[in-house]
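Structure first, then comments.
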There are 6 protein chains.
Amino acid sequence: MNHPALPDMILEPLIRSALMEDLGASGDITTLTVVPPDVTYSAKLNAREDAVVSGMQVAALTFGMIDPSLEVITRVADGQSCSKGDTLMEITGSAASILSGERVALNFAGRLSGVATATAALVRETEGTHARITCTRKTTPGLRIVEKQAVLHGGGYNHRFSLSDAILIKDNHIAAAGGVQAVLEATKARASHMMKVEIEVDRLDQLAEVLEVGGADVVLLDNMTLENLTEAVAMVSGQLITEASGNVTRNTVKAIAETGVDYISSGALTHSYRTIDLGLDF
Amino acid sequence: MNHPALPDMILEPLIRSALMEDLGASGDITTLTVVPPDVTYSAKLNAREDAVVSGMQVAALTFGMIDPSLEVITRVADGQSCSKGDTLMEITGSAASILSGERVALNFAGRLSGVATATAALVRETEGTHARITCTRKTTPGLRIVEKQAVLHGGGYNHRFSLSDAILIKDNHIAAAGGVQAVLEATKARASHMMKVEIEVDRLDQLAEVLEVGGADVVLLDNMTLENLTEAVAMVSGQLITEASGNVTRNTVKAIAETGVDYISSGALTHSYRTIDLGLDF
Amino acid sequence: MNHPALPDMILEPLIRSALMEDLGASGDITTLTVVPPDVTYSAKLNAREDAVVSGMQVAALTFGMIDPSLEVITRVADGQSCSKGDTLMEITGSAASILSGERVALNFAGRLSGVATATAALVRETEGTHARITCTRKTTPGLRIVEKQAVLHGGGYNHRFSLSDAILIKDNHIAAAGGVQAVLEATKARASHMMKVEIEVDRLDQLAEVLEVGGADVVLLDNMTLENLTEAVAMVSGQLITEASGNVTRNTVKAIAETGVDYISSGALTHSYRTIDLGLDF
Amino acid sequence: MNHPALPDMILEPLIRSALMEDLGASGDITTLTVVPPDVTYSAKLNAREDAVVSGMQVAALTFGMIDPSLEVITRVADGQSCSKGDTLMEITGSAASILSGERVALNFAGRLSGVATATAALVRETEGTHARITCTRKTTPGLRIVEKQAVLHGGGYNHRFSLSDAILIKDNHIAAAGGVQAVLEATKARASHMMKVEIEVDRLDQLAEVLEVGGADVVLLDNMTLENLTEAVAMVSGQLITEASGNVTRNTVKAIAETGVDYISSGALTHSYRTIDLGLDF
Amino acid sequence: MNHPALPDMILEPLIRSALMEDLGASGDITTLTVVPPDVTYSAKLNAREDAVVSGMQVAALTFGMIDPSLEVITRVADGQSCSKGDTLMEITGSAASILSGERVALNFAGRLSGVATATAALVRETEGTHARITCTRKTTPGLRIVEKQAVLHGGGYNHRFSLSDAILIKDNHIAAAGGVQAVLEATKARASHMMKVEIEVDRLDQLAEVLEVGGADVVLLDNMTLENLTEAVAMVSGQLITEASGNVTRNTVKAIAETGVDYISSGALTHSYRTIDLGLDF
Amino acid sequence: MNHPALPDMILEPLIRSALMEDLGASGDITTLTVVPPDVTYSAKLNAREDAVVSGMQVAALTFGMIDPSLEVITRVADGQSCSKGDTLMEITGSAASILSGERVALNFAGRLSGVATATAALVRETEGTHARITCTRKTTPGLRIVEKQAVLHGGGYNHRFSLSDAILIKDNHIAAAGGVQAVLEATKARASHMMKVEIEVDRLDQLAEVLEVGGADVVLLDNMTLENLTEAVAMVSGQLITEASGNVTRNTVKAIAETGVDYISSGALTHSYRTIDLGLDF
């Protein structure tokens, strides 16, 4: 089973905002000035490079919002791969409408396919291990929902969506609370039973304390050497889910996965992806 | 005179949305669970690499919205350069508030400093020419206002903000309108006198037709060879503003500038920038 | 080619707000109390005086929003003239729905036809000259987009839409910046190449300075005598677009146009128009 | 006791919308380009003609929103009269901020003072009678709250605010419901006891039926001759509140008032007022 | 004639908010994870106890918003009674969509049927008297419009919707204004003729003063004994509408009604109703 | 450590909506008509019965929004107990402002104290066991955040906030997915590691299958007898968190807790609480 599409109503406010930002207060003045309203086009959204595709649901909604009479056919679904030259979507109808929606559709689809493609690259490197690739909260302000979906489309997994979804205790929380024991006791005493608890450690002695105190579900092994990661996985021995972070690139990810960690998280998936080159051809 | 700050009321809705996205429905559950409300911190927003800074007004507003009692002092203003290790901002007050706002502030400031730094790099390459660096509408959906400001902070210039600001006639408009003459006549007949008119050409014979028909203020010379750019500048001879686009990188920009064009536009400034590594240290 | 309609999505938020304002928190209590839901009507939106029509797209959207099952047929399109007694629109369906939407539709259409009619009156007076009639930013708060469209429907031209669209330098800007030369140099140094620059003068010596310094695209000749306007046009001699403002009425506009100015701007088009008398007949 | 000011929170969304409309997506580009941020001004909002003032609370909020550091002193309160040349408000602080807020403040205050002044003119004509002047729902879309306040400032009274405030039965309602008796019985059976009921009649025999059936609180005597109005007042004899409408002008209003009606309503107060000439002097 | 449905556009923002609250930032993750998108269901919304039904329009809109392709058939309309086991609504289509909308639809319909059922119980007790049952402003924040509709569905009447609908003078207003005479004189001098005026009294001597001063339409007899209520009705003798409040329960309401008051208001109808047990069966 | 307050910015939109609902389009017309603006009051928010308090942060924000010049002092914090007659909050300033905000503040505080008090009652019954009381998603549409906070104030625990927070697999999900094994395998394959997984069972053989397949963190034991609950706890033997639901009342909760379950969830805490009687005394 593939990842099902979100209900449109979740995505529509984001797309409406983006269209309003690009249309401006008085609309696409170029098209209104020079394109006769009765000209119709059939346009193809084409890939100009190989990619894993994301943003097709968003692009289809974009064209549908700007003009409900446009006919939109998706040829390559979110989560599928495409090759340079492939047609991802066909849009038929008013030339003015297609031209007015083009940039927003491309701005979304190029970025989201960039996230999916970057994710898929890490996933491919870790094939044969049981490690899963996951994202972080280092997403673009306002685009978290679609970037997180793009990570799924690339074969990755999502980390918590927001600060209210799960507990992730970092060094500054530990310091403010008065140490690992205090922080985990507070969590056990006060956290919801429906809330996962993750705690960040960067040294093996911290990990030992976490294991001794209990109360965590996941441990984030941050910026550890491969040796320490291997040792940490052995110490944990299946009692907790292990997640590695820090210096995760296409070059390093395989070795990290081979230490036996369960998850590898990468902020770069959503903060440093390269926009995929897509174009609309008429 | 530096670029003055925008009125806060223009930026606040964007920041509020980003905070709500990150806080989620029920707030920063980690901090609410483990950080005692009376713990106070003094935190420094530090640069972990050299950069041209943008996003400080946004970051200051972010902390002020999450907790108006936080004291925020900006040490490096938007548009200034910083070196690795420099402190850009100091935030003092409730530890819980600082921790809850940290990620949104960093997500903005890292990206915007990325845009400013990328812009400054192109600007530096073109020093000694009269060419100016400008952005496009290939911005991140929802972030156009702050990314455009970041281009200014990097020493660049803004292109039109939205489809309603200026007329930019591309090949598909020309086709729909029935040719260069038709499209420019339509513009002369119907466009506002307060609206600049730019037309895209990719061949010199098109440029000749544009010059003959008149009615444009700016010509976009798209994907031309350096030879053709030089020839185009000569043909235009100051009658229009010239803008070059296509294949603009740090390696190519100097040669493009030396053809004598007035503006060089780059979509990559806003769609492929690298996030600058910033961190909050307590 | 007529002025094409804006995408509905640009107008819908404005119409939704107006309907919510008029429906109030609990809807049209009169209709809910006394009109049986199964009564259907066929209503005609009729002109009670001669006019140039605007607001038909808005009125059609108004009825469509209050009840998508209403059938709405526009008989006279935005931008066309009508005579007293003409039917502009026919609406068929639930009597309750038509009655609930009537006032908002009329409040819009009467005002916007008022703007279009006032514009057309000035346009008619200036026939035979090359002067164009244009509006200002003295629009009704919240209605700028539809009032500006109504100016187009009346045969006029739009001035800048907002403060972010174009540069218009007035006396207070000049004073704050330190004089005409300083203000134009600042503009040349810092303004986007996609932004028109207009500067206001009310004396011929100021105009001479503007022409000498350069950097402006348009000059606003404010409150000048006909003699000075004529002299100003001669001085400018096609180097700049000329715009006259001040004391523009149906009585004065022809003489102003005959001075040779390119544009004549009138705030009264949007701040002192008379609402056209329209009615809904059942 | 004067009319107290509304809570600011009721007016702020309207003012914010108006400011965002005028600032556009990227702010007051003229001021940002040419006015140094450290220049301060002291500006006076002056009347250029005699008027009854409204819109001062709105104007003060406008300047406060664009820049909370501006000092704003209101010299003539909403509801007071002013003479040509009077200073209504003084604003001191950043020149850039004052210039950026000027147009919105004037667009509101000129219109609202226009409504107040037009209302006051009718009130003055009816002095010595017991008739009160009231407005209708023919208000500018989006501005109803401030236009209704302006009617109060001019010495008039408000009619219902929206369709959900009170019951007003017009001819089409009567037709749809099956006659005067049916419509009033429906009202008696189903309307809230906190809801006033008004019914429109244009003939004396209809009035007789209304009086016989009962159930109304107010009768709207629409487009009646002075003779019929006088007769109607006699027939009603204090059992109902009487309201006259139709052809209400400064010339006719006194005679209408002298028929003895309780209220005289005028749509023109809010749909055909003349904007008062106000200006900001530095 | 039953109570007609409100226009959907009045209810949609409330339902959209409720759905967004329940879907959260990333949607129904359970359904997205485990329910294949091609599974379809036919579900019945069943009553698990006897009730007077309200919330069916709201529930139908809820399912329609989450997925416009769902087929929704209402079997028992708002305002009708149902028995335990009755099917109120049938929903057919995507299982995932039905499951994602289920909780919001039930949260609304159970509460609103609770209000209607509680109202109907008081109405039933007062049959044979002429007293009508009415609600107050003690409604759930955000749900006033649907709770007020539910009171109508239960056979009750609505009191004012908000503070801007009608004048209701309580003891604190009287104290602030300087006594009953002062407060009623202010009202006569300044209130709109379309605004009902109600005044609260808790003693018979206050009632006498109200009757003497005049200016009220309705008198609220608060927390009076049955004897005093009876006496008050006699004193009023049809000059004012009478409304009793305080200690209104199923046990007391009949006796209160038999005192002859016109209206009996109960805050408990909207602040202490019991949610009706409804369920969705597949 | 008590439960810290949420950042105000999370609560403000909800409170603003509630105030706008109650103020209506034109504000508190009673107060505007009869209360002189210069009258000041000192008011006390008093408890008219014993309760556990919630809603004080909300009430303080309510008064602060309607008039920032009001002085508000909270005497009993959210989460503390009060006795009949205790003063919870003191508000000093403009009488008009206090009267305009009173109803919204009371509508929130009475309901939220009702939730807290109902929660505390169940918590008290289960003292001496290790069972914790938790809420469900059967909250009032729009009020989930404050009702969930009120559960914390009463000493309870929160369940998931929305459908996107955690996975809760019910019988219809199991049916749609093809059985317990299929549903849990799908979860293991696709769910985020930061997401808790709960599965509902109502028979012991289902529980056995859940334990065998694995992949769940929490098991919801729905509507089981006390005997079966005891047996279920024994079967689970600490491998999963156990949660009991169904028929949870003050009378039954102790016995349920004594079966050894970890959590007891009650929808009635948020759908059938009684509003606590609070009043504002001047």
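Going through the structure tokens in order, the chains are called A, B, and so on, while each chain numbers its residues from 1 and the ligands are numbered from 1 in the order shown.
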
Return as a Markdown table the residues of chain E lying at most 12 Å from chain A, together with the closest atom-to-atom pair for each and the distance in Å to one decimal, counting only C-alpha atoms, with rows in chain order and ascending residue number.
```
| residue | atom | partner | partner_atom | distance |
| --- | --- | --- | --- | --- |
| E:Ile15 | CA | A:Met9 | CA | 11.8 |
| E:Arg16 | CA | A:Met9 | CA | 8.6 |
| E:Ser17 | CA | A:Met9 | CA | 11.0 |
| E:Leu19 | CA | A:Met9 | CA | 9.3 |
| E:Met20 | CA | A:Ile10 | CA | 7.5 |
| E:Glu21 | CA | A:Ile10 | CA | 11.0 |
| E:Asp22 | CA | A:Ile10 | CA | 11.4 |
| E:Leu23 | CA | A:Ile10 | CA | 8.3 |
| E:Gly24 | CA | A:Ile10 | CA | 8.9 |
| E:Ala25 | CA | A:Ile145 | CA | 7.1 |
| E:Ser26 | CA | A:Ile145 | CA | 6.3 |
| E:Gly27 | CA | A:Leu6 | CA | 6.7 |
| E:Asp28 | CA | A:Leu6 | CA | 8.6 |
| E:Ile29 | CA | A:Leu6 | CA | 9.6 |
| E:Thr30 | CA | A:Pro4 | CA | 11.6 |
| E:Thr31 | CA | A:Pro4 | CA | 9.3 |
| E:Leu32 | CA | A:Pro4 | CA | 6.1 |
| E:Thr33 | CA | A:His3 | CA | 7.7 |
| E:Val34 | CA | A:Met1 | CA | 9.0 |
| E:Val35 | CA | A:Pro4 | CA | 9.1 |
| E:Pro36 | CA | A:Met1 | CA | 6.8 |
| E:Pro37 | CA | A:Pro4 | CA | 6.4 |
| E:Asp38 | CA | A:Pro4 | CA | 9.8 |
| E:Thr62 | CA | A:Met9 | CA | 11.5 |
| E:Phe63 | CA | A:Pro7 | CA | 11.6 |
| E:Gly64 | CA | A:Met9 | CA | 10.9 |
| E:Met65 | CA | A:Met9 | CA | 7.4 |
| E:Ile66 | CA | A:Pro7 | CA | 6.5 |
| E:Asp67 | CA | A:Pro7 | CA | 7.2 |
| E:Pro68 | CA | A:Asp8 | CA | 9.9 |
| E:Ser69 | CA | A:Pro7 | CA | 11.5 |
| E:Ser94 | CA | A:Pro7 | CA | 11.6 |
| E:Ala96 | CA | A:Pro4 | CA | 9.8 |
| E:Ser97 | CA | A:Pro7 | CA | 8.2 |
| E:Ile98 | CA | A:Pro7 | CA | 11.6 |
| E:Ser100 | CA | A:Pro7 | CA | 9.4 |
| E:Gly101 | CA | A:Pro7 | CA | 10.8 |
```

Grab the residues selected above and save them as a PDB file, in the first residue's frame with C-alpha atoms.
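New file part.pdb:
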```pdb
ATOM      1  CA  ILE E  15     -17.073  23.119  10.951  1.00  0.00           C
ATOM      2  CA  ARG E  16     -13.793  23.714   9.150  1.00  0.00           C
ATOM      3  CA  SER E  17     -12.230  24.824  12.438  1.00  0.00           C
ATOM      4  CA  LEU E  19     -12.217  19.444  11.524  1.00  0.00           C
ATOM      5  CA  MET E  20      -8.816  21.114  11.505  1.00  0.00           C
ATOM      6  CA  GLU E  21      -8.683  20.815  15.287  1.00  0.00           C
ATOM      7  CA  ASP E  22      -9.351  17.091  15.087  1.00  0.00           C
ATOM      8  CA  LEU E  23      -7.321  16.254  11.996  1.00  0.00           C
ATOM      9  CA  GLY E  24      -4.327  18.051  13.451  1.00  0.00           C
ATOM     10  CA  ALA E  25      -1.423  19.186  11.368  1.00  0.00           C
ATOM     11  CA  SER E  26      -0.883  15.964   9.473  1.00  0.00           C
ATOM     12  CA  GLY E  27      -4.257  14.278   9.274  1.00  0.00           C
ATOM     13  CA  ASP E  28      -5.759  11.046  10.531  1.00  0.00           C
ATOM     14  CA  ILE E  29      -2.532   9.125  10.830  1.00  0.00           C
ATOM     15  CA  THR E  30      -4.237   5.915  11.905  1.00  0.00           C
ATOM     16  CA  THR E  31      -6.399   5.768   8.844  1.00  0.00           C
ATOM     17  CA  LEU E  32      -3.584   6.910   6.562  1.00  0.00           C
ATOM     18  CA  THR E  33      -1.416   4.125   7.988  1.00  0.00           C
ATOM     19  CA  VAL E  34      -3.781   1.165   8.090  1.00  0.00           C
ATOM     20  CA  VAL E  35      -6.859   1.710   5.919  1.00  0.00           C
ATOM     21  CA  PRO E  36      -6.376   1.070   2.196  1.00  0.00           C
ATOM     22  CA  PRO E  37      -7.741   4.060   0.245  1.00  0.00           C
ATOM     23  CA  ASP E  38      -9.930   1.882  -1.960  1.00  0.00           C
ATOM     24  CA  THR E  62     -18.728  17.755   8.098  1.00  0.00           C
ATOM     25  CA  PHE E  63     -18.662  14.650   5.934  1.00  0.00           C
ATOM     26  CA  GLY E  64     -18.988  16.741   2.774  1.00  0.00           C
ATOM     27  CA  MET E  65     -16.001  18.872   3.707  1.00  0.00           C
ATOM     28  CA  ILE E  66     -13.687  16.020   4.526  1.00  0.00           C
ATOM     29  CA  ASP E  67     -14.556  14.333   1.252  1.00  0.00           C
ATOM     30  CA  PRO E  68     -16.956  15.844  -1.275  1.00  0.00           C
ATOM     31  CA  SER E  69     -17.383  12.438  -2.910  1.00  0.00           C
ATOM     32  CA  SER E  94     -14.422   5.942   1.205  1.00  0.00           C
ATOM     33  CA  ALA E  96     -10.971   6.354   5.297  1.00  0.00           C
ATOM     34  CA  SER E  97     -12.972   9.541   4.809  1.00  0.00           C
ATOM     35  CA  ILE E  98     -15.876   8.381   6.944  1.00  0.00           C
ATOM     36  CA  SER E 100     -11.676  10.627   9.602  1.00  0.00           C
ATOM     37  CA  GLY E 101     -14.881  12.669   9.926  1.00  0.00           C
TER      38      GLY E 101
END
```

Margin query: Please identify the strand (DSSP E or B) residues within range 114-207 of chain A (assignment by DSSP from backbone atoms) and present them as a list in words.
Written below: Arg132, Ile133, Thr134, Tyr157, Ile167, Leu168, Ile169, Met195, Val197, Glu198, Ile199, Glu200 and Val201 of chain A

Notebook entry, point to check: What lies within 9 Å of Ala191 in chain D using only C-alpha atoms, ignoring chain neighbours under 3 positions off, as a VMD selection string?
Noted result: (chain C and resid 29 to 30 33) or (chain D and resid 167 186 to 188 194 to 197) or (chain E and resid 157 to 158)

Margin query: Neighbouring residues of range 85-87 of chain A were defined as those with any atom within 8 Å, considering only C-alpha atoms; residues of the same chain fewer than 4 positions away were excluded. Please report them as a PyMOL selection string.
Written below: chain A and resi 44-49+75-76

Prev. selection, N, CA, C and O atoms, output as an mmCIF file, in the first residue's frame:
```
data_model
loop_
_atom_site.group_PDB
_atom_site.id
_atom_site.type_symbol
_atom_site.label_atom_id
_atom_site.label_comp_id
_atom_site.auth_asym_id
_atom_site.auth_seq_id
_atom_site.Cartn_x
_atom_site.Cartn_y
_atom_site.Cartn_z
ATOM 1 N N LYS A 44 2.134 20.548 -20.638
ATOM 2 C CA LYS A 44 2.701 19.366 -19.971
ATOM 3 C C LYS A 44 3.700 19.828 -18.920
ATOM 4 O O LYS A 44 4.566 20.657 -19.207
ATOM 5 N N LEU A 45 3.570 19.254 -17.752
ATOM 6 C CA LEU A 45 4.552 19.489 -16.705
ATOM 7 C C LEU A 45 5.612 18.403 -16.861
ATOM 8 O O LEU A 45 5.339 17.223 -16.597
ATOM 9 N N ASN A 46 6.786 18.793 -17.314
ATOM 10 C CA ASN A 46 7.818 17.814 -17.654
ATOM 11 C C ASN A 46 8.991 17.887 -16.685
ATOM 12 O O ASN A 46 9.343 18.954 -16.195
ATOM 13 N N ALA A 47 9.586 16.720 -16.475
ATOM 14 C CA ALA A 47 10.794 16.657 -15.652
ATOM 15 C C ALA A 47 12.001 16.916 -16.542
ATOM 16 O O ALA A 47 12.111 16.347 -17.630
ATOM 17 N N ARG A 48 12.903 17.778 -16.056
ATOM 18 C CA ARG A 48 14.113 18.062 -16.821
ATOM 19 C C ARG A 48 15.313 17.315 -16.241
ATOM 20 O O ARG A 48 16.445 17.557 -16.636
ATOM 21 N N GLU A 49 15.042 16.453 -15.289
ATOM 22 C CA GLU A 49 16.090 15.584 -14.739
ATOM 23 C C GLU A 49 15.404 14.403 -14.037
ATOM 24 O O GLU A 49 14.203 14.439 -13.788
ATOM 25 N N ARG A 75 0.165 12.162 -14.378
ATOM 26 C CA ARG A 75 0.744 10.992 -15.053
ATOM 27 C C ARG A 75 1.707 10.221 -14.161
ATOM 28 O O ARG A 75 1.922 9.023 -14.344
ATOM 29 N N VAL A 76 2.339 10.912 -13.257
ATOM 30 C CA VAL A 76 3.268 10.258 -12.332
ATOM 31 C C VAL A 76 2.860 10.660 -10.923
ATOM 32 O O VAL A 76 2.841 11.844 -10.597
#
```

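Once Gly142 in chain C and its same-chain neighbours fewer than 5 positions away are set aside, Leu14 of chain C; Leu14, Ser17, Ala18, Glu21, Pro141, Gly142 and Leu143 of chain D remain within 9 Å of it when counting only C-alpha atoms.
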
Margin query: Residues near Ala257 in chain E, anyone? I mean within 12 Å using only C-alpha atoms, not counting same-chain ones fewer than 3 positions away, as number ranges by chain.
Written below: E: 122-133, 226, 229-230, 233, 242-245, 248-254, 260-265

Once you have the residues from the selection above, write them out as a CSV table (one decimal), in the first residue's frame, restricted to N, CA, C and O atoms.
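And here's again06.csv as it stands now:
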```
chain,number,residue,atom,x,y,z
E,122,LEU,N,-38.5,20.9,28.5
E,122,LEU,CA,-39.2,22.0,29.2
E,122,LEU,C,-40.5,22.5,28.4
E,122,LEU,O,-41.5,22.8,29.0
E,123,VAL,N,-40.4,22.4,27.1
E,123,VAL,CA,-41.5,22.8,26.3
E,123,VAL,C,-42.7,21.9,26.6
E,123,VAL,O,-43.9,22.3,26.8
E,124,ARG,N,-42.4,20.6,26.7
E,124,ARG,CA,-43.5,19.6,27.0
E,124,ARG,C,-44.1,19.9,28.4
E,124,ARG,O,-45.3,19.8,28.5
E,125,GLU,N,-43.3,20.3,29.3
E,125,GLU,CA,-43.9,20.5,30.7
E,125,GLU,C,-44.8,21.7,30.7
E,125,GLU,O,-45.7,21.9,31.5
E,126,THR,N,-44.6,22.7,29.7
E,126,THR,CA,-45.3,23.9,29.8
E,126,THR,C,-46.5,23.9,28.8
E,126,THR,O,-47.1,24.9,28.6
E,127,GLU,N,-46.8,22.7,28.2
E,127,GLU,CA,-47.9,22.7,27.3
E,127,GLU,C,-49.2,23.0,28.0
E,127,GLU,O,-49.4,22.7,29.1
E,128,GLY,N,-50.0,23.7,27.3
E,128,GLY,CA,-51.3,24.1,28.0
E,128,GLY,C,-51.2,25.5,28.6
E,128,GLY,O,-52.2,26.1,28.9
E,129,THR,N,-50.0,26.0,28.8
E,129,THR,CA,-49.8,27.4,29.2
E,129,THR,C,-49.4,28.2,28.0
E,129,THR,O,-49.1,27.6,26.9
E,130,HIS,N,-49.3,29.5,28.1
E,130,HIS,CA,-48.9,30.2,26.9
E,130,HIS,C,-47.4,30.6,27.0
E,130,HIS,O,-46.8,31.3,26.2
E,131,ALA,N,-46.7,30.1,28.0
E,131,ALA,CA,-45.3,30.5,28.2
E,131,ALA,C,-44.4,29.8,27.2
E,131,ALA,O,-44.7,28.6,26.8
E,132,ARG,N,-43.4,30.5,26.7
E,132,ARG,CA,-42.5,30.0,25.8
E,132,ARG,C,-41.1,29.8,26.5
E,132,ARG,O,-40.8,30.7,27.3
E,133,ILE,N,-40.4,28.8,26.0
E,133,ILE,CA,-39.1,28.5,26.6
E,133,ILE,C,-38.0,29.2,25.8
E,133,ILE,O,-38.0,29.2,24.5
E,226,LEU,N,-43.0,32.2,43.2
E,226,LEU,CA,-44.1,32.1,42.4
E,226,LEU,C,-45.2,33.1,42.7
E,226,LEU,O,-45.9,33.6,41.8
E,229,LEU,N,-44.1,36.3,41.1
E,229,LEU,CA,-44.3,36.2,39.7
E,229,LEU,C,-45.7,36.5,39.3
E,229,LEU,O,-46.0,37.3,38.4
E,230,THR,N,-46.6,35.8,40.0
E,230,THR,CA,-48.0,36.0,39.7
E,230,THR,C,-48.4,37.5,39.9
E,230,THR,O,-49.1,38.0,39.1
E,233,VAL,N,-47.0,39.6,37.0
E,233,VAL,CA,-47.8,39.5,35.8
E,233,VAL,C,-49.0,40.4,35.9
E,233,VAL,O,-49.4,41.0,34.9
E,242,THR,N,-43.3,39.7,29.6
E,242,THR,CA,-42.7,39.2,30.9
E,242,THR,C,-41.8,38.0,30.6
E,242,THR,O,-42.2,37.1,29.9
E,243,GLU,N,-40.7,38.0,31.3
E,243,GLU,CA,-39.8,36.8,31.2
E,243,GLU,C,-39.3,36.5,32.6
E,243,GLU,O,-38.8,37.3,33.3
E,244,ALA,N,-39.4,35.2,32.9
E,244,ALA,CA,-39.0,34.7,34.2
E,244,ALA,C,-37.7,34.0,34.1
E,244,ALA,O,-37.5,33.3,33.1
E,245,SER,N,-36.8,34.2,35.1
E,245,SER,CA,-35.5,33.4,35.1
E,245,SER,C,-35.2,33.0,36.5
E,245,SER,O,-35.6,33.6,37.5
E,248,VAL,N,-34.9,27.4,37.1
E,248,VAL,CA,-35.8,26.7,36.1
E,248,VAL,C,-35.3,25.3,35.8
E,248,VAL,O,-34.2,25.1,35.3
E,249,THR,N,-36.1,24.3,36.3
E,249,THR,CA,-35.8,22.9,36.0
E,249,THR,C,-37.1,22.2,35.5
E,249,THR,O,-38.2,22.8,35.4
E,250,ARG,N,-36.9,21.0,35.1
E,250,ARG,CA,-38.1,20.2,34.7
E,250,ARG,C,-39.2,20.2,35.8
E,250,ARG,O,-40.3,20.1,35.5
E,251,ASN,N,-38.7,20.2,37.0
E,251,ASN,CA,-39.7,20.1,38.1
E,251,ASN,C,-40.4,21.5,38.4
E,251,ASN,O,-41.5,21.5,38.8
E,252,THR,N,-39.7,22.6,38.1
E,252,THR,CA,-40.3,23.9,38.5
E,252,THR,C,-40.9,24.6,37.4
E,252,THR,O,-41.7,25.5,37.6
E,253,VAL,N,-40.7,24.2,36.1
E,253,VAL,CA,-41.0,25.0,35.0
E,253,VAL,C,-42.5,25.2,34.8
E,253,VAL,O,-43.0,26.2,34.4
E,254,LYS,N,-43.2,24.1,35.2
E,254,LYS,CA,-44.7,24.1,34.9
E,254,LYS,C,-45.3,25.2,35.9
E,254,LYS,O,-46.1,26.0,35.4
E,260,GLY,N,-48.3,32.8,34.5
E,260,GLY,CA,-48.8,33.6,33.4
E,260,GLY,C,-47.7,34.4,32.7
E,260,GLY,O,-48.0,35.2,31.8
E,261,VAL,N,-46.4,34.1,33.1
E,261,VAL,CA,-45.4,34.8,32.4
E,261,VAL,C,-45.3,34.4,30.9
E,261,VAL,O,-45.8,33.3,30.5
E,262,ASP,N,-44.8,35.3,30.1
E,262,ASP,CA,-44.8,35.0,28.6
E,262,ASP,C,-43.6,34.1,28.2
E,262,ASP,O,-43.7,33.3,27.3
E,263,TYR,N,-42.4,34.4,28.9
E,263,TYR,CA,-41.2,33.6,28.5
E,263,TYR,C,-40.6,33.1,29.8
E,263,TYR,O,-40.6,33.8,30.8
E,264,ILE,N,-39.9,32.0,29.6
E,264,ILE,CA,-39.1,31.4,30.7
E,264,ILE,C,-37.7,31.1,30.2
E,264,ILE,O,-37.6,30.3,29.2
E,265,SER,N,-36.7,31.7,30.7
E,265,SER,CA,-35.4,31.5,30.2
E,265,SER,C,-34.5,30.7,31.1
E,265,SER,O,-34.6,30.8,32.3
```

Next item on the list: Could you give me, as a ChimeraX atom specification, the residues within 9 Å of Val236 in chain B, counting only C-alpha atoms and dropping anything in the same chain fewer than 5 positions from it?
Entry: /B:207-208,211,219,231,241-242

Notebook entry, point to check: C:Glu185, C:Asp78, C:Glu212, C:Asp222: which is nearest Glu200 in chain C, counting only C-alpha atoms?
Noted result: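 Looking at the shortest contact to Glu200 in chain C, the residue is C:Asp222.
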
Item checked: Of the listed residues F:Leu168, F:Val58, F:Val115, F:Ala189, that which approaches Glu147 in chain F most closely, counting only C-alpha atoms ->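 Looking at the shortest contact to Glu147 in chain F, the residue is F:Val115.
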